[in-house]
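What follows is a short report on a single structure.
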Amino acid sequence: MKESGNNRLTRTISGLTSQGQAFIDEDGREIWISGGFLPGDKVSFFLDARGRATGAELIDPSPDRVKPDCFFHGPCGGCDLLELSEKGRKREKQAMLKRALSRIEGGETALLKPFTAGKELIRYRPRVRIHQSRNHEHRDAGFLASEAYQGKVPGGVVPVTSCAIITSQLNKRLVAVRNILSHMPIFLENLTLMSSSSKHSDKVVGHATLMKGKTAGHFHKELMKIMKAGQLKGLTVSGFDGKVKESHGDASVTGLIAPDCEGGPFIAEPSFFVQSNIYQNPVLIKKVIEYCEVENGSRVIEGFCGAGNFSLPLAAKGASIEAVESHPSAVRAARKNIHQAGLIERIRLVEGDAIKELIKFEANPDVLLLDPPRTGMPGIGRTVKALNPKKIVYVFCDLDALVKDSNNLVKAGYQLKEVTGIDLFPRTHHVEAICLFVRS
C-alpha cells in the first residue's frame with residue numbers, strides 16, 4: 001500500500017506486547033507501533049505493503065498519561081512506562097498477563113489473581129549496573145541508552161546524576177563512581193553496585209566484570225580507585241566469562257535473601273542474581289510458600305535456588321529441600337546461610353547446572369520449584385517427565401518464557417491452575433508471574 005495522506009489510519013493503542021511494544025488490535029491482528037506510545041493513545045500512521053506501521057504520530061494522548069518525574073527519561077533505558085500512571089500500569093500489566101494466558105493451551109481456564117502492585121515505587125532496587133562509554137572521545141559512564149536512543153547518545157551511555165528507583169545508599173555513590181570511571185581506561189564490561197535492604201545500613205559493595213581479554217592484575221590500581229571513590233566495603237572481580245577471579249574486602253550485604261525468615265539476616269553478593277525489589281521480595285516469597293503448600297516432611301526439589309531466597313523459608317516451614325544452583329559464589333553464600341539458619345538437616349544443596357542435575361534426583365517429589373533466568377528452562381518437558389512432581393511452582397520474569405514453558409508443561413501432562421502477577425519492577429513493562437501447575 002502506497003504511503004499517502006489518503007491512507008493514513010487513526011487508531012487507539014490497544015495495549016503492550018510482552019516486551020513493552022505498543023500495538024493495535026486490528027481485527028485480531030496485532031500491528032506494532034514504534035515510538036514510545038502507551039495504551040489509550042490515539043495515533044495516526046501509514047501501513048506499508050507488508051502491513052507494518054510507519055510514520056506514527058500522536059493525535060490525542062491517553063487519559064492515563066502523566067508527566068515523567070525524571071530528567072533522564074527517554075535516553076535512559078530504565079523506566080519505560082514512566083509516562084503511564086500507576087493506575088494505568090497496574091491495569092495494563094494485568095491485561096498483559098491475561099493475553100499471555102490466552103496463548104497457553106487451557107490457560108484461559110486458569111484462575112488469574114488480581115495483579116499485586118507495589119506500594120513503594122521508588123528506592124526499591126538494591127543493585128545498579130554502570131557502564132563505561134565505548135567512545136574514546138566521549139569518556140563518560142552511566143546507564144545504557146534506550147533502544148530508541150542507541151546511536152544518538154555518545155558512547156551509548158546516559159550520564160545520569162540521580163536515579164529514583166535505586167536505594168538511597170546507591171544513589172549517594174552514583175556520581176562519584178561515574179566520575180572515577182570516566183577518567184579510566186575502558187576496561188570494564190560493567191560495574192555492579194549492591195546495597196543492603198536496610199535503611200539503617202550504609203554498606204555498599206561492588207562487582208566488576210572485565211572486558212574480554214582484560215585481566216584483574218593489570219587494572220589493580222584502577223579497581224582500588226573505584227573502591228575508594230564509591231566507599232565500597234568489598235569488591236569482587238570476574239573475567240568476561242563471569243567467573244570470580246579475586247575479591248577485596250567483605251563483598252557481602254544482608255537483607256536481600258529470605259528477609260523474614262528466622263535465623264537471618266542472610267548474605268548475598270553482587271556477583272550473582274538476587275530479587276531486585278526490597279519491598280516486593282517478601283510478597284513474592286509469601287506467594288511461593290502459599291503455592292508450595294508445604295508441611296513437615298514435604299519433599300521439594302528446587303532448581304536455580306540462588307543463595308536460598310525460597311529454600312530457607314520453605315525449610316523453616318518443615319519441608320525437606322533438594323536444591324540446585326550453578327553459580328559458585330551463590331552456592332558459597334547459600335551454604336553459609338543454611339548453616340546460619342540451622343537448616344543443614346533439611347536442605348541438600350547441589351552445585352551444578354539445574355537443567356542437567358534435576359533429572360538425576362529421585363522422582364515423585366511433592367513440589368518442583370523453579371525460578372530460572374529470563375529466557376526460561378530448556379528441556380523442561382523432559383525434566384518434569386523424569387521427576388513426575390505432584391505440583392510445579394514456577395516463577396517467571398518474562399511473559400514469552402511463561403507461554404513457551406507453560407505449553408511444554410501442558411504437553412508433559414500438567415494443567416495451569418493459578419497465576420499471580422507481582423510488580424517487582426514498578427515504572428517498567430516487566431511482569432513477574434508465579435504460576436501453579438498440577439497434574440492433569
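Chain identifiers are assigned as A, B, and so on, following the order in which chains appear in the C-alpha cells; residues are numbered from 1 within each chain, and ligands are numbered from 1 in order of appearance.
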
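All residues of protein, DNA or RNA that reach within 7 Å of stretch 32-36 of chain A, judged by only C-alpha atoms and not counting those fewer than 3 positions away in the chain, are Gln21, Ala22, Phe23, Ile24, Ala53 and Ala56 of chain A.
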
Resulting file, chosen residues, C-alpha atoms, as a PDB file, in the first residue's frame:
ATOM      1  CA  GLN A  21       5.910  -2.689  22.447  1.00  0.00           C
ATOM      2  CA  ALA A  22       2.690  -0.713  21.783  1.00  0.00           C
ATOM      3  CA  PHE A  23       0.237  -2.475  19.468  1.00  0.00           C
ATOM      4  CA  ILE A  24      -3.152  -2.029  17.845  1.00  0.00           C
ATOM      5  CA  ALA A  53       3.040   0.671  10.668  1.00  0.00           C
ATOM      6  CA  ALA A  56       3.205   7.094  13.551  1.00  0.00           C
TER       7      ALA A  56
END

Sort by chain and increasing residue number a table of all residues of stretch 257-318 of chain A within 12 Å of stretch 242-248 of chain A, each with its closest pair of atoms and their distance in Å to one decimal, counting only C-alpha atoms, and write it as CSV.
residue,atom,partner,partner_atom,distance
A:Glu269,CA,A:Ser247,CA,11.0
A:Pro270,CA,A:Val244,CA,10.9
A:Ser271,CA,A:Val244,CA,7.7
A:Phe272,CA,A:Gly242,CA,9.4

Only N, CA and C atoms, please: the residues just picked out, written as a short mmCIF file (atom, residue, chain, number, x, y, z; two decimals), in the first residue's frame.
data_model
loop_
_atom_site.label_atom_id
_atom_site.label_comp_id
_atom_site.auth_asym_id
_atom_site.auth_seq_id
_atom_site.Cartn_x
_atom_site.Cartn_y
_atom_site.Cartn_z
N GLU A 269 25.78 -11.50 47.52
CA GLU A 269 26.90 -10.79 46.91
C GLU A 269 26.48 -10.26 45.54
N PRO A 270 27.13 -9.19 45.06
CA PRO A 270 26.72 -8.57 43.79
C PRO A 270 27.08 -9.37 42.55
N SER A 271 27.85 -10.45 42.70
CA SER A 271 28.26 -11.23 41.53
C SER A 271 27.17 -12.19 41.06
N PHE A 272 26.13 -12.41 41.87
CA PHE A 272 25.07 -13.33 41.45
C PHE A 272 23.70 -12.69 41.63
#

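Between A:Thr420 and the candidates A:Glu290, A:Asp250, A:Asp241, A:Asp353, the tightest atom-to-atom separation, counting only C-alpha atoms, involves A:Glu290.
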
- Task: Show which residues sit within 10 Å of A:Phe71, as a PyMOL selection string. Count only C-alpha atoms, and ignore same-chain residues fewer than 4 positions away.
- Result: chain A and resi 75-76+160-163

- Message: Please list as JSON, numbers by chain every residue within 12 Å of A:Leu284, counting only C-alpha atoms and excluding residues in the same chain fewer than 3 positions away.
- Response: {"A": [116, 117, 118, 257, 258, 259, 260, 275, 276, 277, 278, 279, 280, 281, 287, 288, 289, 290, 291, 309, 310, 313, 371, 394, 395, 396, 397, 420, 421, 422, 423, 424, 432, 433, 434, 435]}

- Could you give me, as a list in words, the residues within 12 Å of A:Glu295, counting only C-alpha atoms and dropping anything in the same chain fewer than 3 positions from it? Ile289, Glu290, Cys292, Ser298, Arg299, Val300, Pro313, Leu314, Ala315, Ala316, Lys317, Gly318, Ala319, Ser320, Ile321, Asp366 and Val367 of chain A

- Task: Enumerate the residues of stretch 149-241 of chain A with a DSSP assignment of helix (DSSP H, G or I), computed from the backbone, and present them as a VMD selection string.
- Result: chain A and resid 149 154 to 156 168 to 182 217 to 230

Quick one: write out the picked residues with C-alpha atoms as a compact mmCIF listing (two decimals), in the first residue's frame?
# COMPACT_ATOMS: atom_id res chain seq x y z
CA TYR A 149 18.42 6.49 21.56
CA PRO A 154 27.72 9.49 22.80
CA GLY A 155 29.35 6.24 23.82
CA GLY A 156 25.98 4.55 24.27
CA SER A 168 19.48 5.93 48.70
CA GLN A 169 22.80 4.23 49.56
CA LEU A 170 23.42 3.53 45.86
CA ASN A 171 22.15 6.89 44.67
CA LYS A 172 24.55 8.66 47.03
CA ARG A 173 27.52 6.98 45.31
CA LEU A 174 26.35 7.15 41.73
CA VAL A 175 28.06 10.37 40.63
CA ALA A 176 31.36 9.60 42.39
CA VAL A 177 31.64 6.19 40.72
CA ARG A 178 30.65 7.62 37.34
CA ASN A 179 33.28 10.33 37.62
CA ILE A 180 36.12 7.98 38.51
CA LEU A 181 35.20 5.58 35.67
CA SER A 182 35.16 8.43 33.13
CA GLY A 217 46.11 -7.80 37.78
CA HIS A 218 46.72 -5.31 35.02
CA PHE A 219 43.98 -2.99 36.33
CA HIS A 220 44.51 -3.48 40.08
CA LYS A 221 45.23 0.22 40.65
CA GLU A 222 42.02 1.26 38.86
CA LEU A 223 39.93 -1.25 40.82
CA MET A 224 41.24 0.10 44.10
CA LYS A 225 40.38 3.65 42.98
CA ILE A 226 36.83 2.52 42.27
CA MET A 227 36.55 1.06 45.78
CA LYS A 228 37.78 4.30 47.31
CA ALA A 229 35.60 6.61 45.20
CA GLY A 230 32.47 4.56 45.85

- Task: Name the residues of stretch 30-233 of chain A that fall into strand (DSSP E or B) according to DSSP on the backbone, using the chain letters and numbers of this document, as an MDAnalysis selection string.
- Result: chainID A and resid 30:32 42:47 53:60 65 73 76 84 111:112 116 125 127:132 141:145 157:158 166 188:195 204:210

Go ahead and save the picked residues with N, CA and C atoms, as a compact mmCIF listing (two decimals), in the first residue's frame.
# COMPACT_ATOMS: atom_id res chain seq x y z
N GLU A 30 -2.28 -8.14 15.39
CA GLU A 30 -1.52 -7.13 16.10
C GLU A 30 -0.68 -6.31 15.13
N ILE A 31 -0.83 -5.00 15.18
CA ILE A 31 0.03 -4.09 14.43
C ILE A 31 0.87 -3.34 15.43
N TRP A 32 2.19 -3.55 15.36
CA TRP A 32 3.09 -2.90 16.31
C TRP A 32 3.33 -1.46 15.89
N LYS A 42 -4.23 7.89 21.08
CA LYS A 42 -4.78 7.86 19.72
C LYS A 42 -3.67 8.30 18.77
N VAL A 43 -3.37 7.46 17.79
CA VAL A 43 -2.26 7.73 16.88
C VAL A 43 -2.72 7.61 15.43
N SER A 44 -1.99 8.30 14.56
CA SER A 44 -2.21 8.12 13.12
C SER A 44 -0.93 7.55 12.53
N PHE A 45 -1.06 6.75 11.46
CA PHE A 45 0.09 6.07 10.89
C PHE A 45 -0.25 5.57 9.49
N PHE A 46 0.77 5.19 8.76
CA PHE A 46 0.62 4.54 7.47
C PHE A 46 0.84 3.05 7.63
N LEU A 47 0.31 2.28 6.70
CA LEU A 47 0.64 0.85 6.60
C LEU A 47 1.40 0.65 5.30
N ALA A 53 3.34 -0.74 10.40
CA ALA A 53 3.04 0.67 10.67
C ALA A 53 4.30 1.51 10.52
N THR A 54 4.14 2.66 9.86
CA THR A 54 5.25 3.61 9.71
C THR A 54 4.72 5.02 9.93
N GLY A 55 5.63 5.93 10.25
CA GLY A 55 5.28 7.35 10.37
C GLY A 55 4.22 7.63 11.41
N ALA A 56 4.24 6.91 12.53
CA ALA A 56 3.21 7.09 13.55
C ALA A 56 3.34 8.45 14.24
N GLU A 57 2.21 9.09 14.48
CA GLU A 57 2.17 10.38 15.17
C GLU A 57 1.07 10.35 16.22
N LEU A 58 1.32 11.02 17.34
CA LEU A 58 0.35 11.09 18.42
C LEU A 58 -0.71 12.14 18.09
N ILE A 59 -1.97 11.73 18.10
CA ILE A 59 -3.08 12.64 17.83
C ILE A 59 -3.72 13.12 19.11
N ASP A 60 -3.95 12.18 20.03
CA ASP A 60 -4.61 12.51 21.29
C ASP A 60 -4.02 11.62 22.38
N ARG A 65 -1.89 9.13 30.68
CA ARG A 65 -0.54 9.72 30.56
C ARG A 65 -0.28 10.72 31.67
N HIS A 73 14.57 10.55 31.55
CA HIS A 73 13.61 9.67 30.90
C HIS A 73 13.65 9.88 29.38
N CYS A 76 17.51 7.31 28.85
CA CYS A 76 17.77 6.20 29.77
C CYS A 76 16.85 5.04 29.43
N LEU A 84 3.16 6.55 32.07
CA LEU A 84 1.86 5.91 32.28
C LEU A 84 1.56 5.93 33.77
N LEU A 111 -7.08 -19.65 37.06
CA LEU A 111 -7.50 -18.53 37.90
C LEU A 111 -6.41 -17.46 37.88
N LEU A 112 -6.74 -16.29 37.38
CA LEU A 112 -5.80 -15.17 37.35
C LEU A 112 -6.12 -14.23 38.51
N THR A 116 -0.62 -7.77 41.82
CA THR A 116 -0.13 -7.26 43.10
C THR A 116 0.88 -6.13 42.85
N ARG A 125 15.17 -0.65 44.38
CA ARG A 125 16.13 -1.53 43.72
C ARG A 125 17.48 -1.50 44.44
N ARG A 127 20.35 -2.87 43.62
CA ARG A 127 21.54 -3.05 42.80
C ARG A 127 21.42 -2.18 41.55
N VAL A 128 22.57 -1.71 41.07
CA VAL A 128 22.60 -0.86 39.89
C VAL A 128 23.83 -1.23 39.06
N ARG A 129 23.69 -1.17 37.76
CA ARG A 129 24.78 -1.54 36.87
C ARG A 129 25.22 -0.31 36.07
N ILE A 130 26.52 -0.02 36.12
CA ILE A 130 27.08 1.15 35.47
C ILE A 130 28.02 0.69 34.35
N HIS A 131 27.96 1.39 33.23
CA HIS A 131 28.77 1.03 32.07
C HIS A 131 29.70 2.19 31.68
N GLN A 132 30.88 1.83 31.20
CA GLN A 132 31.78 2.83 30.65
C GLN A 132 31.42 3.11 29.20
N ALA A 141 30.54 7.64 31.88
CA ALA A 141 29.98 6.38 32.36
C ALA A 141 28.55 6.64 32.81
N GLY A 142 27.73 5.61 32.82
CA GLY A 142 26.34 5.78 33.23
C GLY A 142 25.51 4.57 32.90
N PHE A 143 24.23 4.80 32.62
CA PHE A 143 23.31 3.72 32.28
C PHE A 143 23.26 3.56 30.76
N LEU A 144 22.99 2.34 30.31
CA LEU A 144 22.86 2.11 28.88
C LEU A 144 21.68 2.89 28.31
N ALA A 145 21.86 3.41 27.10
CA ALA A 145 20.80 4.18 26.45
C ALA A 145 19.66 3.25 26.02
N VAL A 157 26.02 5.53 26.51
CA VAL A 157 25.62 5.58 27.92
C VAL A 157 25.04 6.94 28.25
N VAL A 158 24.12 6.95 29.21
CA VAL A 158 23.47 8.18 29.68
C VAL A 158 24.12 8.57 31.00
N ILE A 166 16.74 3.33 42.57
CA ILE A 166 17.75 2.63 43.35
C ILE A 166 17.74 3.14 44.79
N LEU A 188 36.16 -2.15 31.60
CA LEU A 188 35.07 -2.85 32.27
C LEU A 188 33.92 -3.16 31.31
N GLU A 189 33.42 -4.39 31.38
CA GLU A 189 32.17 -4.71 30.71
C GLU A 189 31.04 -4.00 31.43
N ASN A 190 31.08 -4.05 32.76
CA ASN A 190 30.14 -3.29 33.59
C ASN A 190 30.60 -3.35 35.04
N LEU A 191 30.02 -2.47 35.84
CA LEU A 191 30.27 -2.45 37.28
C LEU A 191 28.93 -2.49 37.99
N THR A 192 28.74 -3.49 38.86
CA THR A 192 27.51 -3.62 39.62
C THR A 192 27.74 -3.19 41.06
N LEU A 193 26.87 -2.31 41.56
CA LEU A 193 26.90 -1.92 42.96
C LEU A 193 25.67 -2.50 43.65
N MET A 194 25.84 -2.93 44.90
CA MET A 194 24.73 -3.53 45.65
C MET A 194 24.73 -3.00 47.07
N SER A 195 23.51 -2.72 47.56
CA SER A 195 23.36 -2.24 48.93
C SER A 195 22.54 -3.22 49.74
N VAL A 204 27.79 -0.56 51.05
CA VAL A 204 27.64 -0.82 49.62
C VAL A 204 28.86 -1.61 49.15
N VAL A 205 28.61 -2.62 48.31
CA VAL A 205 29.69 -3.44 47.76
C VAL A 205 29.58 -3.44 46.25
N GLY A 206 30.59 -3.98 45.57
CA GLY A 206 30.57 -3.94 44.12
C GLY A 206 31.09 -5.21 43.48
N HIS A 207 30.77 -5.35 42.20
CA HIS A 207 31.30 -6.45 41.39
C HIS A 207 31.68 -5.89 40.02
N ALA A 208 32.94 -6.05 39.65
CA ALA A 208 33.44 -5.57 38.37
C ALA A 208 33.59 -6.73 37.40
N THR A 209 32.97 -6.62 36.23
CA THR A 209 33.13 -7.61 35.17
C THR A 209 34.04 -7.02 34.11
N LEU A 210 35.17 -7.67 33.88
CA LEU A 210 36.17 -7.17 32.95
C LEU A 210 35.79 -7.47 31.50

- Query: Neighbours of stretch 425-431 of chain A within 8 Å (only C-alpha atoms; same-chain residues fewer than 5 positions away dropped), as a count of residues only?
  - Reply: 21

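For the pair atom CA of A:Val331 and atom CA of A:Val419, the interatomic distance is 29.3 Å.
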
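Among the candidate residues A:Ile165, A:Ala148, A:Met96, A:Cys305, the one lying nearest to A:Arg123 is A:Ile165, with distances computed using only C-alpha atoms.
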
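Coordinates place atom CA of A:Ala216 at a distance of 7.0 Å from atom CA of A:Val237.
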
- Task: Could you check how far atom CA of A:Glu262 sits from atom CA of A:Leu312, in Å to one decimal?
- Result: 8.9 Å
